[in-house]
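Chemist: Let me give you the structure first, and then I'll get to my questions.
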Amino acid sequence: MAFTTTTANPGHAARGPEDAVEATREQSGEEQLAWLTARTDQARDVSYRYLLTFRFVLINLIGFALLGAAYVQGLLGMVLAADQTYLSVLIFMVFLGGLAICARKIWQTSRELNYVRDFDPLSASRAAEYIARLRGRSGDSRGILASSLRLKLTQRVAVVRHVAGSLVILGLIGTVIGFIIALSGVKPDQAADVTAISPMISTLISGMSTALYTTLVGSVLNIWLMINYHVLTGGTVKLITALFEFGEEHARA
């Protein structure tokens, strides 16, 4: 009677536990990679969802950092000391008001963009309102509704542009006031009097300082606010496009 003896492969037996450990490591590495990928996608989704707000915050952080540097260098104190009318302070307060309005509208636009991406018919949003108004309408009627929505959203951001324009106007008003102050001290009939020349020159310099500094403050703050306005306008255009595309897809479905 023949017996068949099966000899185990020593190398194979030795590699068995090592293969199991290696497989466990590979599985653990794949799980870690999947976890990191999920976290990266989540972070990217959050940053994309609030990209408009991030841009606004970044722009104004840079702006206020430059403003702080100007304060440290003593430039702001120079402006306040030279402007006896305090019109520069008024211009800055108007700028802060416009910036606050812009911040509120950018946050509102960012949230409405998120509502379009994560559409919920039960949530009170502009997307849900727009979809509800599209029901049962023909193509021409949907076009009229889309044009009305475009005008409404465009008009909503126009107030920021008006505030930015008012900064330049206030700066020009300061220029006129400065020239009035400068010329008010000039008295031609006393030009020959040596003692009267010094006060006239002092008044002239004070008026010119007011004129130049108010113009500078109004122009710089206008540029700053207009940069924020363009960010808001870009987000509004994206919102209008997203609403139109989503509305058409929903209407066809």
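Just so we're on the same page: first chain in the structure tokens is A, next is B, and so on; residues restart at 1 for each chain, and ligands are numbered from 1 in the order they show up.
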Using only C-alpha atoms, which protein or nucleic acid residues come within 12 Å of Ile180 (chain A)? Drop anything in the same chain fewer than 2 positions from it, and give the result as a PyMOL selection string.
Modeler: chain A and resi 85+173-178+182-186+203-211
Chemist: Output C-alpha atoms for every residue in the selection just made, as a JSON list (two decimals), in the first residue's frame.
Modeler:
```json
[["chain", "number", "residue", "atom", "x", "y", "z"],
["A", 85, "THR", "CA", -13.22, 120.12, 8.82],
["A", 173, "ILE", "CA", -16.75, 118.46, -1.71],
["A", 174, "GLY", "CA", -13.77, 118.48, 0.64],
["A", 175, "THR", "CA", -11.64, 119.78, -2.22],
["A", 176, "VAL", "CA", -14.03, 122.68, -2.79],
["A", 177, "ILE", "CA", -14.25, 123.43, 0.94],
["A", 178, "GLY", "CA", -10.46, 123.36, 1.17],
["A", 182, "ALA", "CA", -7.49, 128.69, 1.40],
["A", 183, "LEU", "CA", -8.88, 131.64, -0.55],
["A", 184, "SER", "CA", -10.76, 133.08, 2.39],
["A", 185, "GLY", "CA", -7.50, 134.05, 4.05],
["A", 186, "VAL", "CA", -6.13, 135.84, 1.01],
["A", 203, "THR", "CA", -4.67, 129.81, 6.09],
["A", 204, "LEU", "CA", -3.71, 128.98, 2.52],
["A", 205, "ILE", "CA", -1.71, 125.93, 3.58],
["A", 206, "SER", "CA", -4.49, 124.76, 5.89],
["A", 207, "GLY", "CA", -7.09, 125.01, 3.15],
["A", 208, "MET", "CA", -4.92, 123.23, 0.60],
["A", 209, "SER", "CA", -4.23, 120.43, 3.08],
["A", 210, "THR", "CA", -7.95, 119.94, 3.61],
["A", 211, "ALA", "CA", -8.56, 119.91, -0.14]]
```
Chemist: Nearest to Leu52 (chain A): which of A:Ala103, A:Leu151, A:Leu216, A:Ala242 is it, counting only C-alpha atoms?
Modeler: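 That would be A:Ala103, the residue with the smallest distance to Leu52 (chain A).
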Chemist: Which residues are near region 160-169 of chain A? Cut-off 8 Å, only C-alpha atoms, ignore same chain within fewer than 4 positions. Put them as a list in words.
Modeler: Ile91, Val94, Phe95, Gly98, Leu99, Ile101, Cys102, Ile173, Thr215, Gly218, Ser219, Leu221, Asn222, Ile223, Leu225, Met226 and Tyr229 of chain A
Chemist: Can you write out the residues you just picked, keeping C-alpha atoms, as an mmCIF file, in the first residue's frame?
Modeler:
```
data_model
loop_
_atom_site.group_PDB
_atom_site.id
_atom_site.type_symbol
_atom_site.label_atom_id
_atom_site.label_comp_id
_atom_site.auth_asym_id
_atom_site.auth_seq_id
_atom_site.Cartn_x
_atom_site.Cartn_y
_atom_site.Cartn_z
ATOM 1 C CA ILE A 91 -15.864 109.842 4.506
ATOM 2 C CA VAL A 94 -19.606 106.324 5.125
ATOM 3 C CA PHE A 95 -17.079 103.783 3.840
ATOM 4 C CA GLY A 98 -20.959 100.696 2.708
ATOM 5 C CA LEU A 99 -18.567 97.910 3.686
ATOM 6 C CA ILE A 101 -23.829 96.592 3.610
ATOM 7 C CA CYS A 102 -21.527 94.807 1.166
ATOM 8 C CA ILE A 173 -16.754 118.458 -1.712
ATOM 9 C CA THR A 215 -9.639 113.986 -2.090
ATOM 10 C CA GLY A 218 -12.267 109.640 -0.784
ATOM 11 C CA SER A 219 -10.395 108.184 -3.766
ATOM 12 C CA LEU A 221 -11.702 104.326 0.052
ATOM 13 C CA ASN A 222 -13.662 104.379 -3.207
ATOM 14 C CA ILE A 223 -11.161 101.965 -4.760
ATOM 15 C CA LEU A 225 -15.114 99.562 -1.680
ATOM 16 C CA MET A 226 -15.300 99.090 -5.456
ATOM 17 C CA TYR A 229 -18.400 95.588 -5.054
#
```
Chemist: Using only C-alpha atoms, can you tell me which of A:Leu76, A:Ser198, A:Asn60, A:Asn114 comes closest to Ala100 (chain A)?
Modeler: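 Ranking A:Leu76, A:Ser198, A:Asn60, A:Asn114 by distance to Ala100 (chain A), first place goes to A:Asn60.
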Chemist: Within 10 Å of Val89 (chain A), counting only C-alpha atoms, which residues qualify if same-chain residues fewer than 3 places away don't, as a PDB file with N, CA and C atoms, in the first residue's frame?
Modeler:
```pdb
ATOM      1  N   VAL A  79      -3.233 113.027   8.440  1.00  0.00           N
ATOM      2  CA  VAL A  79      -4.469 113.391   7.736  1.00  0.00           C
ATOM      3  C   VAL A  79      -5.442 114.069   8.689  1.00  0.00           C
ATOM      4  N   LEU A  80      -5.614 113.483   9.881  1.00  0.00           N
ATOM      5  CA  LEU A  80      -6.557 114.049  10.848  1.00  0.00           C
ATOM      6  C   LEU A  80      -6.112 115.423  11.333  1.00  0.00           C
ATOM      7  N   ASP A  83      -6.766 117.980   8.342  1.00  0.00           N
ATOM      8  CA  ASP A  83      -8.160 118.217   7.950  1.00  0.00           C
ATOM      9  C   ASP A  83      -8.919 118.825   9.123  1.00  0.00           C
ATOM     10  N   THR A  85     -11.779 120.291   8.984  1.00  0.00           N
ATOM     11  CA  THR A  85     -13.225 120.121   8.821  1.00  0.00           C
ATOM     12  C   THR A  85     -13.709 118.742   9.265  1.00  0.00           C
ATOM     13  N   TYR A  86     -12.790 117.814   9.508  1.00  0.00           N
ATOM     14  CA  TYR A  86     -13.106 116.428   9.872  1.00  0.00           C
ATOM     15  C   TYR A  86     -13.972 115.743   8.808  1.00  0.00           C
ATOM     16  N   PHE A  92     -14.737 108.264   5.991  1.00  0.00           N
ATOM     17  CA  PHE A  92     -14.402 106.930   6.490  1.00  0.00           C
ATOM     18  C   PHE A  92     -15.620 106.260   7.120  1.00  0.00           C
ATOM     19  N   MET A  93     -16.459 107.005   7.811  1.00  0.00           N
ATOM     20  CA  MET A  93     -17.662 106.421   8.400  1.00  0.00           C
ATOM     21  C   MET A  93     -18.634 105.958   7.320  1.00  0.00           C
ATOM     22  N   VAL A  94     -18.762 106.744   6.249  1.00  0.00           N
ATOM     23  CA  VAL A  94     -19.606 106.324   5.125  1.00  0.00           C
ATOM     24  C   VAL A  94     -19.041 105.055   4.490  1.00  0.00           C
ATOM     25  N   PHE A  95     -17.722 104.991   4.386  1.00  0.00           N
ATOM     26  CA  PHE A  95     -17.079 103.783   3.840  1.00  0.00           C
ATOM     27  C   PHE A  95     -17.388 102.563   4.695  1.00  0.00           C
ATOM     28  N   THR A 214      -8.728 115.257   1.785  1.00  0.00           N
ATOM     29  CA  THR A 214     -10.082 114.722   1.611  1.00  0.00           C
ATOM     30  C   THR A 214     -10.239 114.053   0.246  1.00  0.00           C
ATOM     31  N   VAL A 217      -8.393 110.645   0.601  1.00  0.00           N
ATOM     32  CA  VAL A 217      -9.147 109.681   1.405  1.00  0.00           C
ATOM     33  C   VAL A 217     -10.356 109.166   0.630  1.00  0.00           C
TER      34      VAL A 217
END
```
